[in-house]
Structures are given as structure tokens and as C-alpha cells.
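A.B. asks: Just dropping this structure here.
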Amino acid sequence: MKPFKHYDVNTLDEAVSALQNFAGKAKIIAGGTDIVGMFKDEVFAERPEALINIKTIPNLDYIKEEDGMLKIGPLALLEDIAHDELIKGKYTALAEAARRTASPHIREMGTISGNICQQCRCWYFRSPNNRFNCIRKGGEDCYAEEGENRYHSIFGNVKDCLAVNPSDTAPALIALGAKVKTSKRVLEIADFYEKEEPKKTTVLDDDEIVVEIQVPQPAANSKSKFEKFAIRKSIDFPIVNCASQVEMDGDTVKSARVCLNAVFANPYVAQKAAEYVVGKTLDEETVTAAADLALQDAKPLTKNAYKITIAKSLIKKTLLACK
Amino acid sequence: MVQKHQDDGGGKKITLKINDNEYSMVIEPHWTLREVIHDKLGLTGTKEMCDKGACGSCTVIMDGRPILSCMTLAIECEGRKIETVENLEVVGNPLVEAYADNHAMQCGYCTPGFVMTAKALLDRNPDPAVEQIKDALEGNICRCGTYPAHIDAVLDAAKRLEGGKK
Ligand SMILES: Cc1cc2nc3c(=O)[nH]c(=O)nc-3n(C[C@@H](O)[C@@H](O)[C@H](O)COP(=O)(O)OP(=O)(O)OC[C@H]3O[C@@H](n4cnc5c(N)ncnc54)[C@H](O)[C@@H]3O)c2cc1C
Ligand code: SF4
Ligand code: FES
Ligand code: FES
């Protein structure tokens with residue numbers, strides 16, 4: 001790796017002022033499993049000058065229920081989330097998503113805040129030494145449009161960028177209706193992702209930090225489920241993943257939330273599927289119709305129409321599991 | 001090296017606790033833990049295969065967790081308890097003999113990473129079921145395809161551990 005500056009901070013305030021000192025030229029390092037890889041490969045068009053280490057701030061890895069919600073500290077490790085009894089029992093989709101993320105070693109290092117903030121994995125974007133200075137890096141072209149796009153978006157582009165968000169925990173948090181608390185504000189996690197500008201992944205300002213994830217307690221008659229399709233069971237990023245949460249009223253659905261990821265620049269809320277199942281019983285026929293509706297708007301690229309079939313199947317599986 | 005009073009973001013003199021030794025040295029921010037352990041300290045048991053966090057061959061145990069030394073910045077490891085494969089021979093951990101007796105290697109390059117991952121598992125769970133062993137070793141890649149032998153080796157080591165040979 002080429003040299004960079006590195007600062008340990010003791011408080012969140014110190015972290016914010018360190019980011020302000022560098023005016024956009026410093027980044028947070030949490031577990032480092034994403035950002036260290038980006039430094040190693042010289043992925044950046046403009047390389048950050050410094051990393052601000054927040055692991056030196058004490059007590060940011062908590063998992064607790066308080067004020068009627070689940071509160072997760074930004075440094076909570078994915079492995080601990082995956083095995084937490086409270087999360088497994090009540091916030092099931094999140095435990096399942098954490099459990100299916102990357103490999104055991106990366107889960108022992110990777111944090112929840114790093115997971116929801118991670119950068120896209122488009123292979124042109126990630127190609128070493130900034131070989132493809134594409135739109136997401138401020139360049140003119142998207143190389144995936146006519147190139148190898150089998151893992152790219154099936155729901156269109158954002159300013160011509162076709163990259164997908166690779167996070168496994170984000171769709172689970174969206175299905176569970178989570179909020180992200182930052183050093184400046186509290187956001188619905190669905191609004192945490194940048195919608196207009198592909199150069200940014202999240203709406204975070206240069207000096208803004210994720211300080212907590214808040215998940216409301218699910219209603220008594222509700223269940224949630226996460227499913228992931230990847231080439232190998234371990235290590236691999238999702239080709240498509242999906243999380244659903246359903247609240248039942250007797251035999252019929254009272255409310256539902258369904259979210260796909262790795263299908264668009266941001267986690268993709270399958271609103272049509274969620275609306276369709278309300279008031280119906282969750283049987284094969286209903287979930288098939290819901291999945292078909294959700295993928296009605298898909299615009300596959302030259303090499304990724306297969307992802308539509310996978311997405312439909314994951315919507316069906318997760319909804320049926322919530323019966 | 002001039003003693004620094006304020007953190008200027010550059011190299012820092014820190015103490016790394018590796019196995020039963022303490023190493024005080026100036027660490028640059030861009031040095032990975034793998035580089036420091038293998039290249040600077042000469043503890044060559046820790047191997048680098050992918051240098052991308054995708055194979056597990058550089059696994060060491062830090063504060064009880066199996067982690068990837070190639071994705072860890074050494075400058076962030078001050079005061080952490082780090083264990084490398086060299087320590088197993090010193091403490092007489094039965095994994096060493098169990099791996100040899102069960103032929104759980106061919107070229108042997110991935111072996112230290114598997115063994116350290118298995119050690120972290122056995123430290124937490126001295127009597128793992130086959131499924132638990134498979135889950136724990138899920139992030140270790142072996143190009144020679146020795147996968148089935150690792151399960152035998154870890155089960156064997158667990159048996160030997162119960163014999164009191166820790
Ligand atoms: C081989 C491999 C396989 C992987 N497979 C998967 C997978 O299957 N699924 C998946 O979801 N991920 C996968 N990952 C990505 C993995 O990096 C993330 O899952 C991990 O959770 C990132 O967390 P981290 O703490 O290591 O992040 P870091 O690398 O420390 O940070 C990631 C980004 O988030 C920012 N950031 C971190 N914390 C904060 C904060 N509190 N406030 C503001 N910004 C912050 C950083 O600046 C950086 O840009 C994989 C990675 C590798 C190397
Ligand atoms: S999909 Fe986006 S990140 Fe990938 S090459 Fe195109 S513009 Fe770049
Ligand atoms: S060398 Fe570290 S994971 Fe492959
Ligand atoms: S024994 Fe050769 S890579 Fe595993």
C-alpha cells in the first residue's frame with residue numbers, strides 16, 4: 001500500500017472534527033475490510049489523504065433493546081449480530097443477513113456501519129490503479145453498459161451508472177423499518193442511500209458519521225426472513241438478496257415490507273409486492289403474483305436477465321417464510 | 001526517531017503483543033499486520049495468498065477472534081493479544097499433531113490459516129459438531145482441495161484436547 005495518514009480518535013466529536021480538518025479528504029475506518037481493499041488496489045480517482053480510526057472510541061459495539069427499539073452501536077461486529085439471541089429471535093432477517101455476509105473472518109472484523117456504508121463492487125470501478133475512470137469516479141463513461149454486466153443493475157441506471165449496492169444487511173434493515181442515526185440527524189434507512197449522484201453511496205456529508213442503527217420492535221404477529229443467492233455459500237457477494245417482514249392479522253397479511261439488494265444502485269424496495277399481499281393469505285399463488293408485479297419494471301442489461309428469475313424466487317421464498 | 005508529542009498522522013512507535021512476546025517498533029499507517037508479522041518480524045508461518053480478504057490463509061487470532069492479518073492495519077493493533085501459528089508448537093496444542101496424523105494438507109500453504117481458524121473455534125467450543133467445524137472453516141480456501149481432511153483433523157484435535165493435552 002502507498003502511505004497515508006492515520007489518526008486514532010477517542011470520541012465521536014473528535015472523529016467529526018478530524019473529518020472537518022481534512023475537508024472531504026479523509027475517510028472513517030471501522031473494521032477496514034472494505035476501505036483497506038480500496039487503498040490496496042488504488043481504486044480511488046482521488047485517494048483520501050487520511051483514515052480516521054473510530055475503533056479507539058470505547059463502547060460503540062453495543063446491541064441492546066431500549067426505548068422500545070433495538071439499538072446497535074456502529075462498531076457492532078457482524079459475527080456478534082449473527083449470533084445474538086435477541087436479534088435471532090425477534091429481528092430474524094437481520095441475524096440471517098449478518099450470518100450470510102462474506103466469511104466468518106470478515107464477520108469477525110466487519111462492522112454494521114461499514115456494511116451499510118460500503119462502496120459498490122462493480123469490477124470496472126474496483127479495477128486496480130483506477131484503470132477505468134468511470135462515471136462513478138467523475139469520468140464520462142460507464143464500461144458496464146456494453147461490457148461485462150452480468151452482476152449489474154436490473155432496474156436501470158443512476159446518471160448512467162449501472163452498479164449495484166452489495167450490502168447484505170441493508171435490505172434486512174429496510175424490511176425491518178430501521179433508522180440510521182448520524183452525528184447530524186436521524187434518517188429512515190431507505191433514505192440513507194444517495195438517489196441522484198452516483199459519486200456518492202450514501203447521503204452522508206463528508207464530516208458526518210453513523211452513530212447508531214435503530215430498529216423498531218416488530219409487532220407481535222410479525223415475522224421476517226432474509227435469503228441470499230450467491231455463487232458460493234461463503235465469502236461471495238450477493239448476486240441478488242432479499243428480505244421481507246410481514247405482519248399478519250389472523251390468516252391474512254396486515255402489512256408487509258419487501259426489499260431486494262444487488263439489483264440497483266440502492267437497495268430496491270419492492271413496493272408493488274408489499275402492497276399486493278396486504279389483505280391476502282400468503283400462499284403460492286399470492287406470492288407468485290407479488291413477485292411478478294415487483295419485477296414488472298425490470299430492465300435487464302445484455303447479460304443479466306437471469307437475475308430477474310432469482311429476484312422473483314427470493315421474494316416468494318422470503319414472503320412464504322413469514323406466514 | 002524523534003519522540004512525538006502530538007499525533008501527526010504518521011508512523012508511531014507502538015508495542016505489539018504477539019504470542020508471548022512484546023515487540024516495540026515504529027509502525028507506518030500503511031503496513032498491514034501480515035506484513036509486520038511475516039516480513040518485518042520474520043514469523044513466516046502466517047501466509048499471504050490473495051491479499052484481498054478472500055482466502056483466510058493469513059488468519060491470526062486477535063483477542064480470541066480469527067481475523068485476516070492482510071486486511072488489518074498493524075498500527076491499530078496496539079495492546080491487542082495476537083496469536084500466530086508459531087505459538088501452537090510452543091504451547092503443545094494438539095492441532096499440530098492432529099493435522100499431521102490426518103494428512104490435512106498437500107502443499108501446506110493454506111494450512112496455518114486453517115489451523116488458526118480451528119484453534120479459535122476450539123478455544124470457544126472444545127467439542128464442536130461437524131456442522132460447526134464446517135461453518136467455522138467456511139472462509140478458508142485450499143487450492144489443493146484438502147477440505148474433508150480438515151474436519152477429521154479438528155475432530156481428532158478436540159478428542160486429544162479432552163485428554164487434557166492443551
Ligand atoms: C472477500 C470479501 C467478501 C465480502 N463479502 C460480502 C458479502 O457477501 N456481503 C456484504 O454485505 N459485504 C461483503 N463484503 C464487504 C465487507 O467489507 C462488509 O461486509 C463489511 O461489513 C464492511 O465493514 P467494515 O467495518 O470492515 O468497513 P470499513 O472498510 O471500515 O468501512 C467501509 C466504508 O464505510 C465507511 N464507514 C464505516 N463506518 C462508518 C461510520 N460509522 N460512519 C460513516 N462512515 C463509515 C468507511 O469510510 C468506508 O467507506 C466482503 C468483503 C470482502 C473483502
Ligand atoms: S456501473 Fe457504475 S461503477 Fe461500474 S463502470 Fe459503470 S459507472 Fe462505473
Ligand atoms: S491473504 Fe488474507 S485473506 Fe487471503
Ligand atoms: S494444501 Fe495446498 S492450498 Fe491447501
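Identifiers in this document derive from the order of the C-alpha cells: chains are assigned A, B, ..., residues are numbered from 1 separately in each chain, and ligands are numbered from 1 in order of occurrence.
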Ligand 3: which residues are within 12 Å, counting only C-alpha atoms and all ligand atoms, as a PyMOL selection string?

C.D. replies: (chain A and resi 33+36-37+102-106+109+235) or (chain B and resi 32-35+38+46-60+66-72+109-110+112-114+117+139-143)

A.B. asks: Around ligand 1, at most 6 Å away and counting only C-alpha atoms and all ligand atoms, which residues are there? Put them as number ranges by chain, please.

C.D. replies: A: 27-35, 74, 101-102, 109-115, 117-118, 166-168, 209-211, 235-238; B: 52-54

A.B. asks: When you count only C-alpha atoms and all ligand atoms, which of these residues is closest to ligand 4: B:Met105, B:Ala157, B:Lys40, B:Arg65?

C.D. replies: B:Met105

A.B. asks: Identify, with DSSP run on backbone atoms, the residues in region 20-264 of chain A assigned to strand (DSSP E or B), and express the list as a PyMOL selection string.

C.D. replies: chain A and resi 26-29+50-53+63-66+69-72+77+111+158+161+179-182+186-188+193+202+210-216+222-229+240-249+252-261

A.B. asks: Which residue gives the smallest distance to ligand 4 among B:Gly108, B:Lys134, B:Asp127, B:Leu155, with only C-alpha atoms and all ligand atoms counted?

C.D. replies: B:Gly108

A.B. asks: Distance limit 6 Å, reference ligand 2, atoms considered: only C-alpha atoms and all ligand atoms. Which residues make the cut? Give them as an MDAnalysis selection string.

C.D. replies: chainID A and resid 122 124:125 134:136 142:144 161:163

A.B. asks: Find the distance between CA of Leu86 (chain A) and CA of Tyr193 (chain A) and write it in Å to one decimal.

C.D. replies: 27.1 Å

A.B. asks: Just the residues within 12 Å of Val90 (chain B), please, counting only C-alpha atoms, with nothing from its chain fewer than 6 positions along; format it as a list of chain:residue names.

C.D. replies: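 Here the answer would be B:Asn19, B:Asp20, B:Glu83, B:Thr84, B:Val96, B:Lys166.
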
A.B. asks: Given the choices A:Lys228, A:Lys233, A:Lys181, A:Lys64, which gets closest to chain B if the distance is worked out from only C-alpha atoms?

C.D. replies: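 Between A:Lys228, A:Lys233, A:Lys181, A:Lys64, the residue approaching chain B most closely is A:Lys233.
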
A.B. asks: Looking at B:Ala118, B:Ile75, B:Ala104, B:Leu95, which one is nearest to chain A, with distances taken over only C-alpha atoms?

C.D. replies: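 Ranking B:Ala118, B:Ile75, B:Ala104, B:Leu95 by distance to chain A, first place goes to B:Ile75.
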